[in-house]
$ cat final34.txt   # compact mmCIF, C-alpha atoms
# COMPACT_ATOMS: atom_id res chain seq x y z
CA MET A 1 -7.74 -19.08 15.78
CA VAL A 2 -6.84 -18.32 12.18
CA PRO A 3 -3.76 -20.02 10.70
CA LEU A 4 -0.87 -18.11 9.16
CA ASN A 5 -1.84 -19.30 5.67
CA TYR A 6 -5.04 -17.25 5.68
CA TYR A 7 -3.11 -14.06 6.34
CA LEU A 8 -0.66 -14.90 3.55
CA ILE A 9 -3.51 -15.66 1.13
CA LEU A 10 -5.21 -12.37 2.03
CA SER A 11 -1.92 -10.58 1.51
CA GLY A 12 -1.48 -12.24 -1.89
CA ILE A 13 -4.99 -11.22 -2.97
CA LEU A 14 -4.41 -7.61 -1.88
CA PHE A 15 -1.07 -7.54 -3.71
CA SER A 16 -2.76 -8.82 -6.90
CA ILE A 17 -5.44 -6.13 -6.59
CA GLY A 18 -2.67 -3.53 -6.34
CA THR A 19 -0.92 -4.98 -9.40
CA ALA A 20 -4.17 -4.92 -11.34
CA GLY A 21 -4.63 -1.27 -10.36
CA VAL A 22 -1.17 -0.33 -11.64
CA PHE A 23 -1.83 -2.13 -14.91
CA LEU A 24 -5.42 -1.09 -15.52
CA ARG A 25 -5.85 2.47 -14.34
CA ARG A 26 -5.12 5.49 -16.49
CA ASN A 27 -4.77 7.98 -13.65
CA LEU A 28 -1.44 8.77 -12.00
CA ILE A 29 -3.00 9.28 -8.55
CA THR A 30 -4.84 5.94 -8.67
CA VAL A 31 -1.61 4.26 -9.77
CA LEU A 32 0.12 5.69 -6.67
CA LEU A 33 -2.81 4.47 -4.52
CA SER A 34 -2.43 0.98 -6.01
CA ILE A 35 1.26 1.03 -5.05
CA GLU A 36 0.16 1.85 -1.49
CA ILE A 37 -2.15 -1.21 -1.55
CA MET A 38 0.79 -3.39 -2.61
CA LEU A 39 3.03 -1.96 0.16
CA ASN A 40 0.29 -2.69 2.70
CA ALA A 41 -0.11 -6.27 1.48
CA VAL A 42 3.60 -6.77 2.08
CA ASN A 43 3.32 -5.15 5.53
CA LEU A 44 0.60 -7.64 6.44
CA THR A 45 2.92 -10.49 5.47
CA PHE A 46 5.74 -9.08 7.60
CA VAL A 47 3.53 -8.65 10.67
CA ALA A 48 1.93 -12.11 10.29
CA VAL A 49 5.24 -13.91 9.84
CA GLY A 50 6.80 -11.88 12.67
CA ARG A 51 3.97 -13.02 14.94
CA TYR A 52 4.49 -16.61 13.77
CA LEU A 53 8.24 -16.50 14.47
CA GLY A 54 7.70 -14.69 17.79
CA SER A 55 10.00 -11.84 16.73
CA VAL A 56 9.50 -8.07 16.74
CA ASP A 57 11.54 -7.67 13.53
CA GLY A 58 8.40 -8.01 11.41
CA GLN A 59 6.86 -4.95 13.04
CA ILE A 60 10.13 -3.03 12.82
CA ILE A 61 10.43 -3.58 9.07
CA THR A 62 6.76 -2.59 8.75
CA PHE A 63 7.69 0.69 10.42
CA PHE A 64 10.49 1.24 7.89
CA VAL A 65 8.19 0.37 4.98
CA MET A 66 5.72 2.97 6.26
CA THR A 67 8.37 5.70 6.41
CA VAL A 68 9.59 4.81 2.92
CA ALA A 69 5.96 4.89 1.73
CA ALA A 70 5.58 8.35 3.24
CA ALA A 71 8.69 9.57 1.41
CA GLU A 72 7.51 7.91 -1.81
CA ALA A 73 4.07 9.52 -1.52
CA ALA A 74 5.56 12.98 -0.92
CA VAL A 75 7.95 12.81 -3.88
CA GLY A 76 5.45 11.00 -6.13
CA LEU A 77 2.71 13.54 -5.49
CA ALA A 78 5.15 16.42 -6.05
CA LEU A 79 5.99 14.83 -9.41
CA VAL A 80 2.27 14.47 -10.19
CA ILE A 81 1.74 18.18 -9.42
CA ALA A 82 4.70 19.17 -11.59
CA LEU A 83 3.48 16.96 -14.46
CA PHE A 84 -0.08 18.27 -14.18
CA ARG A 85 1.18 21.85 -14.31
CA HIS A 86 3.02 20.93 -17.49
CA ARG A 87 0.26 19.14 -19.45
CA GLU A 88 -3.04 19.66 -17.58
CA THR A 89 -3.80 15.92 -17.54
CA LEU A 90 -3.19 12.98 -15.21
CA SER A 91 -3.29 10.28 -17.87
CA PRO A 92 0.05 8.45 -18.14
CA ASP A 93 -0.54 8.12 -21.88
CA ALA A 94 0.05 11.87 -22.22
CA TYR A 95 3.64 11.61 -20.96
CA THR A 96 5.42 9.73 -23.69
CA SER A 97 8.23 12.13 -24.60
CA LEU A 98 10.83 9.61 -23.38
CA LYS A 99 9.31 6.83 -25.47
CA TRP A 100 11.38 5.89 -28.45
CA MET B 1 -14.49 -14.77 17.74
CA ASP B 2 -11.05 -14.23 16.22
CA THR B 3 -12.07 -16.12 13.12
CA ILE B 4 -15.20 -14.02 12.58
CA ALA B 5 -13.21 -10.81 13.09
CA PHE B 6 -10.58 -12.03 10.62
CA TYR B 7 -13.17 -12.74 7.94
CA VAL B 8 -14.92 -9.41 8.50
CA PHE B 9 -11.70 -7.40 8.31
CA ALA B 10 -10.41 -9.40 5.34
CA ALA B 11 -13.68 -8.86 3.45
CA ILE B 12 -13.60 -5.11 4.18
CA ALA B 13 -9.96 -4.87 3.07
CA ILE B 14 -10.52 -6.77 -0.19
CA LEU B 15 -13.78 -5.04 -1.12
CA ALA B 16 -12.38 -1.58 -0.32
CA SER B 17 -9.22 -2.29 -2.34
CA LEU B 18 -11.32 -3.48 -5.28
CA GLY B 19 -13.31 -0.27 -4.93
CA VAL B 20 -10.09 1.77 -5.03
CA ILE B 21 -9.14 0.43 -8.45
CA GLY B 22 -12.76 0.37 -9.67
CA GLN B 23 -13.66 3.99 -8.92
CA ARG B 24 -13.56 6.68 -11.59
CA ASN B 25 -13.42 9.44 -9.00
CA PRO B 26 -10.00 9.68 -7.27
CA MET B 27 -11.63 11.22 -4.19
CA HIS B 28 -13.72 8.08 -3.63
CA SER B 29 -10.64 5.95 -4.25
CA VAL B 30 -8.76 7.73 -1.46
CA MET B 31 -11.70 7.35 0.96
CA LEU B 32 -12.01 3.63 0.19
CA LEU B 33 -8.26 3.18 0.66
CA ILE B 34 -8.57 4.73 4.14
CA THR B 35 -11.30 2.13 4.87
CA SER B 36 -8.99 -0.62 3.67
CA PHE B 37 -6.19 0.67 5.92
CA GLY B 38 -8.58 0.69 8.89
CA ALA B 39 -9.42 -2.97 8.23
CA LEU B 40 -5.70 -3.79 8.01
CA ALA B 41 -5.16 -2.06 11.36
CA GLY B 42 -7.83 -4.39 12.78
CA LEU B 43 -5.93 -7.37 11.38
CA TYR B 44 -2.73 -6.11 13.04
CA ILE B 45 -4.61 -6.01 16.36
CA LEU B 46 -5.66 -9.65 15.76
CA LEU B 47 -1.98 -10.44 15.12
CA GLN B 48 -1.02 -9.00 18.54
CA ALA B 49 0.73 -6.06 16.91
CA PRO B 50 -0.83 -2.94 18.46
CA PHE B 51 2.21 -0.80 17.58
CA SER B 52 1.81 -1.56 13.87
CA ALA B 53 -1.95 -0.98 14.09
CA VAL B 54 -1.53 2.45 15.64
CA THR B 55 1.23 3.54 13.25
CA GLN B 56 -0.94 2.27 10.39
CA ILE B 57 -3.76 4.56 11.48
CA ILE B 58 -1.59 7.57 12.34
CA ILE B 59 0.96 7.47 9.51
CA TYR B 60 -1.00 5.84 6.68
CA ALA B 61 -4.63 6.79 7.23
CA GLY B 62 -3.65 10.04 8.92
CA ALA B 63 -0.64 11.54 7.20
CA ILE B 64 -0.17 9.87 3.81
CA MET B 65 -3.84 9.75 2.84
CA VAL B 66 -4.35 13.38 3.85
CA LEU B 67 -1.47 14.22 1.52
CA PHE B 68 -3.23 12.32 -1.27
CA LEU B 69 -6.56 14.01 -0.53
CA PHE B 70 -4.81 17.37 -0.55
CA VAL B 71 -3.34 16.75 -4.00
CA VAL B 72 -6.64 15.38 -5.37
CA MET B 73 -8.43 18.52 -4.19
CA LEU B 74 -5.62 20.79 -5.38
CA LEU B 75 -5.58 19.38 -8.90
CA ASN B 76 -9.38 19.20 -9.00
CA VAL B 77 -9.61 16.46 -11.66
CA PRO B 78 -12.91 14.85 -10.69
CA ARG B 79 -12.93 12.13 -13.31
CA GLU B 80 -10.47 10.04 -15.20
CA GLU B 81 -10.62 10.84 -18.90
CA PRO B 82 -11.35 7.78 -21.07
CA ALA B 83 -8.29 6.32 -22.72
CA PRO B 84 -7.71 7.90 -26.15
CA ILE B 85 -8.31 5.43 -28.95
CA THR B 86 -5.14 6.51 -30.72
CA ALA B 87 -2.93 5.53 -27.78
CA ALA B 88 -0.94 2.75 -29.38
CA GLY B 89 1.89 0.69 -27.99
CA VAL B 90 2.33 -1.15 -24.73
CA LEU B 91 -0.41 0.67 -22.87
CA GLY B 92 -3.10 0.21 -25.50
CA PRO B 93 -6.22 -1.94 -24.99
CA THR B 94 -4.20 -5.12 -25.63
CA GLY B 95 -1.78 -4.08 -22.90
CA LEU B 96 -4.70 -3.58 -20.53
CA LYS B 97 -6.00 -7.07 -21.25
CA ILE B 98 -2.56 -8.58 -20.70
CA GLY B 99 -2.26 -6.66 -17.43
CA ALA B 100 -5.63 -7.91 -16.21
CA VAL B 101 -4.79 -11.50 -17.13
CA LEU B 102 -1.40 -11.25 -15.41
CA SER B 103 -2.88 -9.91 -12.16
CA VAL B 104 -5.59 -12.59 -12.08
CA LEU B 105 -2.94 -15.24 -12.74
CA LEU B 106 -0.83 -13.85 -9.89
CA ALA B 107 -3.80 -14.01 -7.50
CA ILE B 108 -4.72 -17.57 -8.55
CA GLU B 109 -1.12 -18.73 -8.28
CA VAL B 110 -0.59 -17.28 -4.79
CA VAL B 111 -3.90 -18.65 -3.47
CA TRP B 112 -3.28 -22.07 -5.05
CA ALA B 113 0.27 -22.36 -3.72
CA LEU B 114 -0.65 -21.28 -0.19
CA SER B 115 -3.77 -23.40 0.06
CA ARG B 116 -1.82 -26.52 -0.86
CA LEU B 117 0.20 -26.19 2.34
CA GLY B 118 -1.28 -27.52 5.53
CA PRO B 119 -2.45 -24.86 7.99
CA THR B 120 0.41 -23.32 9.94
CA TRP B 121 -0.81 -22.32 13.37
CA PHE B 122 0.48 -19.39 15.36
CA GLY B 123 2.07 -19.93 18.76
CA GLN B 124 0.04 -19.55 21.91
CA ASP B 125 -0.99 -16.11 23.11
CA ALA B 126 1.51 -16.44 25.97
CA ASP B 127 4.38 -16.33 23.45
CA ALA B 128 2.78 -13.35 21.77
CA ALA B 129 3.29 -11.14 24.81
CA GLY B 130 6.89 -10.47 23.68
CA VAL B 131 5.83 -9.66 20.12
CA SER B 132 3.20 -7.16 21.14
CA SER B 133 5.44 -5.33 23.61
CA VAL B 134 6.09 -1.80 22.41
CA SER B 135 9.11 -1.42 24.70
CA ARG B 136 10.73 -4.45 23.04
CA ILE B 137 10.11 -2.89 19.63
CA GLY B 138 11.59 0.40 20.78
CA HIS B 139 14.60 -1.32 22.27
CA ALA B 140 15.31 -3.28 19.07
CA LEU B 141 14.71 -0.17 16.96
CA PHE B 142 17.21 2.01 18.83
CA THR B 143 19.92 -0.62 19.39
CA GLN B 144 19.96 -3.34 16.77
CA HIS B 145 18.41 -1.26 13.99
CA ALA B 146 19.79 2.14 15.00
CA PHE B 147 21.65 2.64 11.72
CA ALA B 148 18.56 1.93 9.61
CA PHE B 149 16.59 4.28 11.85
CA GLU B 150 19.06 7.12 11.30
CA ALA B 151 19.20 6.39 7.57
CA THR B 152 15.40 6.70 7.53
CA SER B 153 15.61 10.17 9.01
CA ILE B 154 18.01 11.20 6.24
CA LEU B 155 15.62 9.66 3.69
CA ILE B 156 12.70 11.67 5.06
CA LEU B 157 14.78 14.84 4.93
CA VAL B 158 15.79 14.19 1.31
CA ALA B 159 12.17 13.40 0.38
CA MET B 160 11.03 16.63 2.00
CA VAL B 161 13.59 18.72 0.09
CA GLY B 162 12.81 16.79 -3.11
CA ALA B 163 9.08 17.38 -2.78
CA VAL B 164 9.59 21.11 -2.23
CA VAL B 165 11.98 21.40 -5.19
CA LEU B 166 9.79 19.35 -7.55
CA ALA B 167 6.49 21.01 -6.73
CA ARG B 168 7.73 24.60 -6.69
CA LYS B 169 6.71 26.99 -9.44
CA GLU B 170 9.40 27.65 -12.01
CA HIS B 171 10.31 31.26 -12.58
$ encode --input "final34.txt" --output "structure tokens"
Amino acid sequence: MVPLNYYLILSGILFSIGTAGVFLRRNLITVLLSIEIMLNAVNLTFVAVGRYLGSVDGQIITFFVMTVAAAEAAVGLALVIALFRHRETLSPDAYTSLKW
Amino acid sequence: MDTIAFYVFAAIAILASLGVIGQRNPMHSVMLLITSFGALAGLYILLQAPFSAVTQIIIYAGAIMVLFLFVVMLLNVPREEPAPITAAGVLGPTGLKIGAVLSVLLAIEVVWALSRLGPTWFGQDADAAGVSSVSRIGHALFTQHAFAFEATSILILVAMVGAVVLARKEH
């Protein structure tokens, strides 16, 4: 058997990888993919702790996180398409008109 | 057996996620992310959560990633352009270094804090029967969490309308 800690450590590592992706990548689609990695790391925590507490609530909140992720992906990708149509690039450095 | 499966799935998930942020080609990133989601579904099975594993495969690997693939193919930007040297400010090379250091620090901190605790063991598999029961999940979802469930349907509707409005061609 594997203790709960291992799942939490794995989840922390995956979340850090997602954070690194958001910081390091210069591509809007990869940034959205990194956000998905972070959401999945959190899902793993919810399921593991739900199993530990013997409650189904962990899996239910995972279900809600997945639906929110689906909505986020749909709107985020629509924004990416609209931005790409505007500037013909996916680099976030190109979209600085709101920067003071 | 469980331990070996855990290490295999964890290694696949971590390596595939590292590949996602290491790839220059967004298409490869999406494929590697699907691999990572498959490994996570395996971990959910190990955690006696078959419902989460199946929704992970169907919703994440099936629906969301297909949406990503669709956009990657539609935009047809095979490679990330190198960062322009003139890009000053927060997102310049210094910002990248700070971001990398911060993420590594976060990983070290989480691993350090969690490994200092003694191992917390899960309950016996007999207790897990209630957790893995899909009918119990459905019952809780449609009674206790019915409001959140309905709110989710509104959220999906709004996201659908928003995506159509945002991505439509302006006349």
$ atom_distance --input "final34.txt" --atom1 "atom CA of Lys169 of chain B" --atom2 "atom CA of Leu83 of chain A"
11.7 Å
$ residues_near_point --input "final34.txt" --point "(-1.9, -18.6, 2.7)" --cutoff "9 Å" --atoms "all atoms listed in the file" --output "PyMOL selection string"
(chain A and resi 3-12) or (chain B and resi 110-117+119-120)
$ atom_distance --input "final34.txt" --atom1 "atom CA of Ala163 of chain B" --atom2 "atom CA of Arg85 of chain A"
14.7 Å
$ atom_distance --input "final34.txt" --atom1 "atom CA of Leu47 of chain B" --atom2 "atom CA of Ser16 of chain A"
22.1 Å
$ interface_residues --input "final34.txt" --of "chain B" --to "chain A" --cutoff "6 Å" --atoms "all atoms listed in the file" --output "list in words"
Asp2, Thr3, Ile21, Ile64, Leu96, Gly99, Ala100, Ser103, Ala107, Val110, Val111, Pro119, Thr120, Trp121, Phe122, Val131, Ile137, Ile156, Ala159, Ala163, Leu166 and Ala167 of chain B
$ residues_around --input "final34.txt" --residues "segment 15-18 of chain B" --least-positions-apart "2" --cutoff "7 Å" --atoms "only C-alpha atoms" --output "list in words"
Ile17 of chain A; Ala11, Ile12, Ala13, Val20, Ile21, Gly22, Leu32, Leu33, Thr35 and Ser36 of chain B
$ axis_aligned_box --input "final34.txt" --around "segment 58-67 of chain B" --padding-each-side "6 Å" --output "AutoDock Vina command-line options"
--center_x -1.8 --center_y 10.0 --center_z 6.9 --size_x 17.6 --size_y 20.4 --size_z 22.8
$ closest_residue --input "final34.txt" --among "B:Leu40, B:Leu157, B:Leu46, B:Val165" --to "Leu39 of chain A" --atoms "only C-alpha atoms"
B:Leu40
